[in-house]
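Q: So here's protein-v5.pdb, just PDB, C-alpha atoms, pLDDT in the B column:
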MODEL        1
ATOM      1  CA  MET A 937      21.911   8.288  -5.570  1.00 51.00           C
ATOM      2  CA  SER A 938      24.645  10.421  -7.058  1.00 58.00           C
ATOM      3  CA  LYS A 939      24.368  13.980  -8.284  1.00 70.00           C
ATOM      4  CA  ASP A 940      23.884  12.608 -11.794  1.00 85.00           C
ATOM      5  CA  PRO A 941      20.515  10.839 -11.970  1.00 90.00           C
ATOM      6  CA  LEU A 942      20.965  10.017 -15.655  1.00 91.00           C
ATOM      7  CA  SER A 943      24.196   8.129 -14.954  1.00 92.00           C
ATOM      8  CA  ASP A 944      22.471   6.352 -12.080  1.00 95.00           C
ATOM      9  CA  LEU A 945      19.669   5.343 -14.419  1.00 96.00           C
ATOM     10  CA  GLN A 946      22.161   4.161 -17.021  1.00 96.00           C
ATOM     11  CA  LYS A 947      23.880   1.982 -14.398  1.00 96.00           C
ATOM     12  CA  LYS A 948      20.514   0.478 -13.372  1.00 97.00           C
ATOM     13  CA  ILE A 949      19.718  -0.293 -17.002  1.00 97.00           C
ATOM     14  CA  ILE A 950      23.086  -2.000 -17.510  1.00 97.00           C
ATOM     15  CA  GLU A 951      22.595  -3.955 -14.280  1.00 98.00           C
ATOM     16  CA  PHE A 952      19.108  -5.038 -15.415  1.00 98.00           C
ATOM     17  CA  ARG A 953      20.478  -6.168 -18.774  1.00 97.00           C
ATOM     18  CA  ASP A 954      23.544  -7.906 -17.349  1.00 97.00           C
ATOM     19  CA  GLU A 955      21.575  -9.797 -14.677  1.00 98.00           C
ATOM     20  CA  ARG A 956      19.661 -11.412 -17.538  1.00 98.00           C
ATOM     21  CA  ASP A 957      22.764 -12.074 -19.657  1.00 98.00           C
ATOM     22  CA  TRP A 958      21.304 -10.125 -22.572  1.00 97.00           C
ATOM     23  CA  LYS A 959      24.478  -8.255 -23.569  1.00 97.00           C
ATOM     24  CA  GLN A 960      25.230 -11.070 -25.995  1.00 96.00           C
ATOM     25  CA  PHE A 961      22.199  -9.981 -28.042  1.00 96.00           C
ATOM     26  CA  HIS A 962      22.971  -6.264 -27.982  1.00 96.00           C
ATOM     27  CA  ASN A 963      25.174  -5.567 -30.962  1.00 97.00           C
ATOM     28  CA  PRO A 964      24.954  -2.014 -32.361  1.00 97.00           C
ATOM     29  CA  LYS A 965      22.665  -2.982 -35.269  1.00 98.00           C
ATOM     30  CA  ASP A 966      20.097  -4.832 -33.181  1.00 98.00           C
ATOM     31  CA  SER A 967      20.176  -2.231 -30.437  1.00 98.00           C
ATOM     32  CA  ALA A 968      19.598   0.518 -33.021  1.00 98.00           C
ATOM     33  CA  ILE A 969      16.670  -1.465 -34.438  1.00 98.00           C
ATOM     34  CA  SER A 970      15.231  -1.809 -30.929  1.00 98.00           C
ATOM     35  CA  LEU A 971      15.572   1.946 -30.404  1.00 98.00           C
ATOM     36  CA  VAL A 972      13.669   2.677 -33.607  1.00 98.00           C
ATOM     37  CA  LEU A 973      10.984   0.101 -32.797  1.00 98.00           C
ATOM     38  CA  GLU A 974      10.404   1.670 -29.393  1.00 98.00           C
ATOM     39  CA  ALA A 975      10.332   5.146 -30.961  1.00 98.00           C
ATOM     40  CA  THR A 976       7.637   3.975 -33.380  1.00 98.00           C
ATOM     41  CA  GLU A 977       5.609   2.562 -30.483  1.00 98.00           C
ATOM     42  CA  PHE A 978       5.816   6.021 -28.927  1.00 98.00           C
ATOM     43  CA  LEU A 979       4.846   7.593 -32.255  1.00 98.00           C
ATOM     44  CA  GLU A 980       1.784   5.358 -32.574  1.00 97.00           C
ATOM     45  CA  HIS A 981       0.187   7.308 -29.732  1.00 98.00           C
ATOM     46  CA  PHE A 982       0.033  10.357 -32.013  1.00 98.00           C
ATOM     47  CA  GLN A 983      -0.667   8.817 -35.389  1.00 97.00           C
ATOM     48  CA  TRP A 984      -3.828  10.094 -37.100  1.00 98.00           C
ATOM     49  CA  LYS A 985      -4.507  12.632 -34.346  1.00 98.00           C
ATOM     50  CA  ASN A 986      -4.595  16.405 -34.667  1.00 98.00           C
ATOM     51  CA  CYS A 987      -2.946  18.610 -32.022  1.00 97.00           C
ATOM     52  CA  GLU A 988      -6.039  18.733 -29.833  1.00 98.00           C
ATOM     53  CA  GLU A 989      -6.520  14.964 -29.997  1.00 98.00           C
ATOM     54  CA  CYS A 990      -2.846  14.420 -29.157  1.00 98.00           C
ATOM     55  CA  THR A 991      -3.127  16.602 -26.065  1.00 98.00           C
ATOM     56  CA  GLU A 992      -6.293  14.783 -24.980  1.00 98.00           C
ATOM     57  CA  HIS A 993      -4.716  11.380 -25.622  1.00 98.00           C
ATOM     58  CA  VAL A 994      -1.642  12.201 -23.537  1.00 98.00           C
ATOM     59  CA  CYS A 995      -3.875  13.307 -20.662  1.00 98.00           C
ATOM     60  CA  LYS A 996      -5.888  10.084 -20.820  1.00 98.00           C
ATOM     61  CA  LYS A 997      -2.979   7.722 -21.548  1.00 98.00           C
ATOM     62  CA  LYS A 998      -0.107   9.482 -19.792  1.00 98.00           C
ATOM     63  CA  GLU A 999       1.330   6.320 -18.222  1.00 98.00           C
ATOM     64  CA  ASP A1000       1.249   4.413 -21.524  1.00 98.00           C
ATOM     65  CA  VAL A1001       2.886   7.309 -23.378  1.00 98.00           C
ATOM     66  CA  SER A1002       5.447   7.678 -20.582  1.00 98.00           C
ATOM     67  CA  ASP A1003       6.259   3.965 -20.715  1.00 98.00           C
ATOM     68  CA  GLU A1004       7.009   4.152 -24.429  1.00 98.00           C
ATOM     69  CA  LEU A1005       9.163   7.237 -24.018  1.00 98.00           C
ATOM     70  CA  ALA A1006      11.014   5.513 -21.152  1.00 98.00           C
ATOM     71  CA  ASP A1007      11.652   2.552 -23.469  1.00 98.00           C
ATOM     72  CA  VAL A1008      13.249   4.942 -25.967  1.00 98.00           C
ATOM     73  CA  LEU A1009      15.465   6.394 -23.247  1.00 98.00           C
ATOM     74  CA  TYR A1010      16.364   2.858 -22.109  1.00 98.00           C
ATOM     75  CA  TRP A1011      17.799   2.067 -25.533  1.00 98.00           C
ATOM     76  CA  VAL A1012      19.529   5.428 -25.903  1.00 98.00           C
ATOM     77  CA  LEU A1013      21.315   4.954 -22.573  1.00 98.00           C
ATOM     78  CA  LEU A1014      22.135   1.318 -23.290  1.00 97.00           C
ATOM     79  CA  ILE A1015      23.569   2.081 -26.731  1.00 98.00           C
ATOM     80  CA  ALA A1016      25.574   5.020 -25.372  1.00 97.00           C
ATOM     81  CA  ASN A1017      27.070   2.732 -22.751  1.00 97.00           C
ATOM     82  CA  ASP A1018      27.886  -0.029 -25.213  1.00 97.00           C
ATOM     83  CA  LEU A1019      29.471   2.401 -27.701  1.00 98.00           C
ATOM     84  CA  ASP A1020      31.324   4.256 -24.927  1.00 97.00           C
ATOM     85  CA  ILE A1021      29.619   7.553 -25.729  1.00 97.00           C
ATOM     86  CA  ASP A1022      29.368  10.180 -23.011  1.00 94.00           C
ATOM     87  CA  LEU A1023      25.890  11.506 -23.736  1.00 94.00           C
ATOM     88  CA  TYR A1024      26.389  14.613 -21.649  1.00 93.00           C
ATOM     89  CA  GLU A1025      29.505  15.614 -23.582  1.00 95.00           C
ATOM     90  CA  ALA A1026      28.004  14.544 -26.917  1.00 96.00           C
ATOM     91  CA  SER A1027      24.871  16.597 -26.212  1.00 95.00           C
ATOM     92  CA  LEU A1028      26.885  19.693 -25.302  1.00 96.00           C
ATOM     93  CA  ARG A1029      28.975  19.311 -28.459  1.00 97.00           C
ATOM     94  CA  LYS A1030      25.858  18.878 -30.618  1.00 97.00           C
ATOM     95  CA  LEU A1031      24.150  21.831 -28.947  1.00 97.00           C
ATOM     96  CA  ALA A1032      27.175  23.994 -29.794  1.00 97.00           C
ATOM     97  CA  LYS A1033      26.918  22.867 -33.431  1.00 96.00           C
ATOM     98  CA  ASN A1034      23.206  23.699 -33.444  1.00 95.00           C
ATOM     99  CA  HIS A1035      23.929  27.142 -31.994  1.00 94.00           C
ATOM    100  CA  ALA A1036      26.230  27.768 -34.939  1.00 94.00           C
ATOM    101  CA  LYS A1037      23.735  26.444 -37.510  1.00 93.00           C
ATOM    102  CA  TYR A1038      20.682  28.178 -36.082  1.00 93.00           C
ATOM    103  CA  ASP A1039      21.625  31.762 -35.282  1.00 90.00           C
ATOM    104  CA  VAL A1040      18.913  33.246 -33.075  1.00 92.00           C
ATOM    105  CA  LYS A1041      18.432  36.265 -35.339  1.00 89.00           C
ATOM    106  CA  LYS A1042      17.731  34.023 -38.338  1.00 89.00           C
ATOM    107  CA  ALA A1043      16.040  31.048 -36.714  1.00 91.00           C
ATOM    108  CA  LYS A1044      13.804  32.565 -34.042  1.00 90.00           C
ATOM    109  CA  GLY A1045      10.199  31.701 -34.819  1.00 92.00           C
ATOM    110  CA  ASN A1046      11.230  30.009 -38.067  1.00 89.00           C
ATOM    111  CA  HIS A1047      10.835  26.284 -38.736  1.00 91.00           C
ATOM    112  CA  LYS A1048      13.149  26.158 -41.737  1.00 88.00           C
ATOM    113  CA  LYS A1049      16.237  23.987 -41.782  1.00 87.00           C
ATOM    114  CA  TYR A1050      19.523  25.818 -41.246  1.00 85.00           C
ATOM    115  CA  THR A1051      20.411  25.410 -44.928  1.00 87.00           C
ATOM    116  CA  GLU A1052      17.337  27.466 -45.841  1.00 87.00           C
ATOM    117  CA  LEU A1053      17.740  30.333 -43.371  1.00 89.00           C
TER     118      LEU A1053
ENDMDL
END
Show the structure stored in the file as structure tokens.

A:
Amino acid sequence: MSKDPLSDLQKKIIEFRDERDWKQFHNPKDSAISLVLEATEFLEHFQWKNCEECTEHVCKKKEDVSDELADVLYWVLLIANDLDIDLYEASLRKLAKNHAKYDVKKAKGNHKKYTEL
């Protein structure tokens, strides 16, 4: 394993996909749809539950919740690979943008969007 476990995981995902010859089905549109579908499966675990019920559900169904979240990550890493996006660099760039939008003095403890601060 390298020093970058996320890249290692991404390589394993690509290997899994390529061994099954599924790349032919993974155009950006269908991959994006798959990402959203998996995200909604994750979201279903929390639908109609208050905060306390969500916490209890995660404790009782941790593996199921984890599986759905892992499916979301699977698609994120697969799409990033297929679109030649360096997620580490993209995340740093986006974090810098968010730092500029959400100044600590204005945003700390505030849930408002940056346009309303």

Q: Which distance in Å separates atom CA of A:Glu999 and atom CA of A:Glu974, to one decimal?

A: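 Pair atom CA of A:Glu999 / atom CA of A:Glu974 returns 15.1 Å.
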
Q: What does the structure give for the distance between atom CA of A:Ile950 and atom CA of A:Asn1017, in Å to one decimal?

A: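 Rounded to one decimal, the two atoms are 8.1 Å apart.
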
Q: Separation of atom CA of A:Trp1011 and atom CA of A:Pro964, in Å?

A: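 Pair atom CA of A:Trp1011 / atom CA of A:Pro964 returns 10.7 Å.
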
Q: When distances are computed from only C-alpha atoms, which of A:Tyr1010, A:Ala975, A:Gln983, A:Asp1039 shows the smallest separation from A:Lys948?

A: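 Ranking A:Tyr1010, A:Ala975, A:Gln983, A:Asp1039 by distance to A:Lys948, first place goes to A:Tyr1010.
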
Q: For A:Lys965, find every residue with an atom within 10 Å (counting all atoms listed in the file), except residues of its own chain fewer than 5 positions away, and show them as a ChimeraX atom specification.

A: /A:970-971,1015

Q: Once you have the residues from the selection above, write them out as a CSV table (one decimal), in the coordinates of the input, restricted to C-alpha atoms.

A:
chain,number,residue,atom,x,y,z
A,970,SER,CA,15.2,-1.8,-30.9
A,971,LEU,CA,15.6,1.9,-30.4
A,1015,ILE,CA,23.6,2.1,-26.7

Q: So which one's closest to A:Lys1037, A:Glu1052, A:Glu977, A:Asp966, A:Glu1004? Using only C-alpha atoms, please.

A: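 The closest residue to A:Lys1037 is A:Glu1052.
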
Q: Would you list the contacts of stretch 1020-1028 of chain A as a list in words, taking every protein, DNA or RNA residue within 12 Å and counting only C-alpha atoms, but skipping same-chain residues closer than 3 positions in sequence?

A: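 Once the nearby chain positions are removed, what remains is Asp940, Pro941, Leu942, Ser943, Gln946, Pro964, Leu1009, Val1012, Leu1013, Leu1014, Ile1015, Ala1016, Asn1017, Leu1031, Ala1032, Lys1033, Asn1034 and His1035 of chain A.
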
Q: Just write the chosen residues, C-alpha atoms, as an mmCIF file, keeping the file's coordinate frame.

A:
data_model
loop_
_atom_site.group_PDB
_atom_site.id
_atom_site.type_symbol
_atom_site.label_atom_id
_atom_site.label_comp_id
_atom_site.auth_asym_id
_atom_site.auth_seq_id
_atom_site.Cartn_x
_atom_site.Cartn_y
_atom_site.Cartn_z
ATOM 1 C CA ASP A 940 23.884 12.608 -11.794
ATOM 2 C CA PRO A 941 20.515 10.839 -11.970
ATOM 3 C CA LEU A 942 20.965 10.017 -15.655
ATOM 4 C CA SER A 943 24.196 8.129 -14.954
ATOM 5 C CA GLN A 946 22.161 4.161 -17.021
ATOM 6 C CA PRO A 964 24.954 -2.014 -32.361
ATOM 7 C CA LEU A 1009 15.465 6.394 -23.247
ATOM 8 C CA VAL A 1012 19.529 5.428 -25.903
ATOM 9 C CA LEU A 1013 21.315 4.954 -22.573
ATOM 10 C CA LEU A 1014 22.135 1.318 -23.290
ATOM 11 C CA ILE A 1015 23.569 2.081 -26.731
ATOM 12 C CA ALA A 1016 25.574 5.020 -25.372
ATOM 13 C CA ASN A 1017 27.070 2.732 -22.751
ATOM 14 C CA LEU A 1031 24.150 21.831 -28.947
ATOM 15 C CA ALA A 1032 27.175 23.994 -29.794
ATOM 16 C CA LYS A 1033 26.918 22.867 -33.431
ATOM 17 C CA ASN A 1034 23.206 23.699 -33.444
ATOM 18 C CA HIS A 1035 23.929 27.142 -31.994
#

Q: Could you give me the axis-aligned bounding box of stretch 1036-1052 of chain A, with 8 Å of padding per side, as centre plus edge lengths in Å to one decimal, as JSON?

A:
{"center_x": 18.2, "center_y": 30.1, "center_z": -39.5, "size_x": 32.0, "size_y": 28.3, "size_z": 28.8}

Q: From the options A:Phe952, A:Leu1005, A:Glu992, A:Asp957, which residue's atoms come nearest to A:Thr976, counting all atoms listed in the file?

A: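 That would be A:Leu1005, the residue with the smallest distance to A:Thr976.
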
Q: Using only C-alpha atoms, can you list as a list in words the residues within 9 Å of (12.3, 32.3, -37.3)?

A: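 Here is the list of nearby residues: Val1040, Lys1041, Lys1042, Ala1043, Lys1044, Gly1045, Asn1046, His1047, Lys1048 and Leu1053 of chain A.
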
Q: Please return stretch 968-991 of chain A, rebuilt to N, CA, C and O atoms, as an mmCIF file, in the frame of the given file.

A:
data_model
loop_
_atom_site.group_PDB
_atom_site.id
_atom_site.type_symbol
_atom_site.label_atom_id
_atom_site.label_comp_id
_atom_site.auth_asym_id
_atom_site.auth_seq_id
_atom_site.Cartn_x
_atom_site.Cartn_y
_atom_site.Cartn_z
ATOM 1 N N ALA A 968 20.150 -0.613 -32.257
ATOM 2 C CA ALA A 968 19.598 0.518 -33.021
ATOM 3 C C ALA A 968 18.201 0.184 -33.534
ATOM 4 O O ALA A 968 17.297 1.034 -33.501
ATOM 5 N N ILE A 969 18.008 -1.042 -33.988
ATOM 6 C CA ILE A 969 16.670 -1.465 -34.438
ATOM 7 C C ILE A 969 15.692 -1.386 -33.275
ATOM 8 O O ILE A 969 14.566 -0.885 -33.431
ATOM 9 N N SER A 970 16.109 -1.852 -32.106
ATOM 10 C CA SER A 970 15.231 -1.809 -30.929
ATOM 11 C C SER A 970 14.868 -0.372 -30.565
ATOM 12 O O SER A 970 13.717 -0.089 -30.210
ATOM 13 N N LEU A 971 15.832 0.525 -30.669
ATOM 14 C CA LEU A 971 15.572 1.946 -30.404
ATOM 15 C C LEU A 971 14.501 2.482 -31.341
ATOM 16 O O LEU A 971 13.542 3.139 -30.914
ATOM 17 N N VAL A 972 14.637 2.190 -32.618
ATOM 18 C CA VAL A 972 13.669 2.677 -33.607
ATOM 19 C C VAL A 972 12.298 2.043 -33.377
ATOM 20 O O VAL A 972 11.266 2.721 -33.475
ATOM 21 N N LEU A 973 12.268 0.770 -33.060
ATOM 22 C CA LEU A 973 10.984 0.101 -32.797
ATOM 23 C C LEU A 973 10.271 0.736 -31.610
ATOM 24 O O LEU A 973 9.048 0.960 -31.651
ATOM 25 N N GLU A 974 11.020 1.027 -30.560
ATOM 26 C CA GLU A 974 10.404 1.670 -29.393
ATOM 27 C C GLU A 974 9.941 3.085 -29.737
ATOM 28 O O GLU A 974 8.888 3.526 -29.286
ATOM 29 N N ALA A 975 10.729 3.795 -30.548
ATOM 30 C CA ALA A 975 10.332 5.146 -30.961
ATOM 31 C C ALA A 975 9.040 5.102 -31.773
ATOM 32 O O ALA A 975 8.184 5.986 -31.637
ATOM 33 N N THR A 976 8.874 4.073 -32.599
ATOM 34 C CA THR A 976 7.637 3.975 -33.380
ATOM 35 C C THR A 976 6.457 3.618 -32.488
ATOM 36 O O THR A 976 5.335 4.069 -32.754
ATOM 37 N N GLU A 977 6.692 2.840 -31.432
ATOM 38 C CA GLU A 977 5.609 2.562 -30.483
ATOM 39 C C GLU A 977 5.177 3.847 -29.787
ATOM 40 O O GLU A 977 3.986 4.066 -29.545
ATOM 41 N N PHE A 978 6.140 4.711 -29.483
ATOM 42 C CA PHE A 978 5.816 6.021 -28.927
ATOM 43 C C PHE A 978 5.028 6.837 -29.948
ATOM 44 O O PHE A 978 3.994 7.443 -29.634
ATOM 45 N N LEU A 979 5.477 6.823 -31.185
ATOM 46 C CA LEU A 979 4.846 7.593 -32.255
ATOM 47 C C LEU A 979 3.408 7.148 -32.524
ATOM 48 O O LEU A 979 2.547 7.971 -32.864
ATOM 49 N N GLU A 980 3.139 5.870 -32.341
ATOM 50 C CA GLU A 980 1.784 5.358 -32.574
ATOM 51 C C GLU A 980 0.733 6.085 -31.740
ATOM 52 O O GLU A 980 -0.420 6.187 -32.140
ATOM 53 N N HIS A 981 1.139 6.593 -30.590
ATOM 54 C CA HIS A 981 0.187 7.308 -29.732
ATOM 55 C C HIS A 981 -0.328 8.586 -30.390
ATOM 56 O O HIS A 981 -1.372 9.106 -29.996
ATOM 57 N N PHE A 982 0.396 9.087 -31.388
ATOM 58 C CA PHE A 982 0.033 10.357 -32.013
ATOM 59 C C PHE A 982 -0.445 10.225 -33.453
ATOM 60 O O PHE A 982 -0.960 11.187 -34.023
ATOM 61 N N GLN A 983 -0.283 9.034 -33.997
ATOM 62 C CA GLN A 983 -0.667 8.817 -35.389
ATOM 63 C C GLN A 983 -2.157 9.079 -35.586
ATOM 64 O O GLN A 983 -2.987 8.652 -34.801
ATOM 65 N N TRP A 984 -2.471 9.786 -36.659
ATOM 66 C CA TRP A 984 -3.828 10.094 -37.100
ATOM 67 C C TRP A 984 -4.570 11.025 -36.154
ATOM 68 O O TRP A 984 -5.789 11.144 -36.226
ATOM 69 N N LYS A 985 -3.858 11.710 -35.278
ATOM 70 C CA LYS A 985 -4.507 12.632 -34.346
ATOM 71 C C LYS A 985 -4.059 14.059 -34.663
ATOM 72 O O LYS A 985 -2.898 14.296 -34.970
ATOM 73 N N ASN A 986 -4.986 15.002 -34.541
ATOM 74 C CA ASN A 986 -4.595 16.405 -34.667
ATOM 75 C C ASN A 986 -4.023 16.866 -33.327
ATOM 76 O O ASN A 986 -3.977 16.092 -32.357
ATOM 77 N N CYS A 987 -3.594 18.107 -33.241
ATOM 78 C CA CYS A 987 -2.946 18.610 -32.022
ATOM 79 C C CYS A 987 -3.840 18.476 -30.792
ATOM 80 O O CYS A 987 -3.384 18.048 -29.726
ATOM 81 N N GLU A 988 -5.099 18.820 -30.951
ATOM 82 C CA GLU A 988 -6.039 18.733 -29.833
ATOM 83 C C GLU A 988 -6.226 17.284 -29.376
ATOM 84 O O GLU A 988 -6.226 16.987 -28.182
ATOM 85 N N GLU A 989 -6.362 16.385 -30.330
ATOM 86 C CA GLU A 989 -6.520 14.964 -29.997
ATOM 87 C C GLU A 989 -5.264 14.400 -29.339
ATOM 88 O O GLU A 989 -5.364 13.565 -28.434
ATOM 89 N N CYS A 990 -4.104 14.866 -29.778
ATOM 90 C CA CYS A 990 -2.846 14.420 -29.157
ATOM 91 C C CYS A 990 -2.797 14.841 -27.692
ATOM 92 O O CYS A 990 -2.442 14.040 -26.819
ATOM 93 N N THR A 991 -3.137 16.095 -27.434
ATOM 94 C CA THR A 991 -3.127 16.602 -26.065
ATOM 95 C C THR A 991 -4.096 15.806 -25.193
ATOM 96 O O THR A 991 -3.758 15.403 -24.077
#
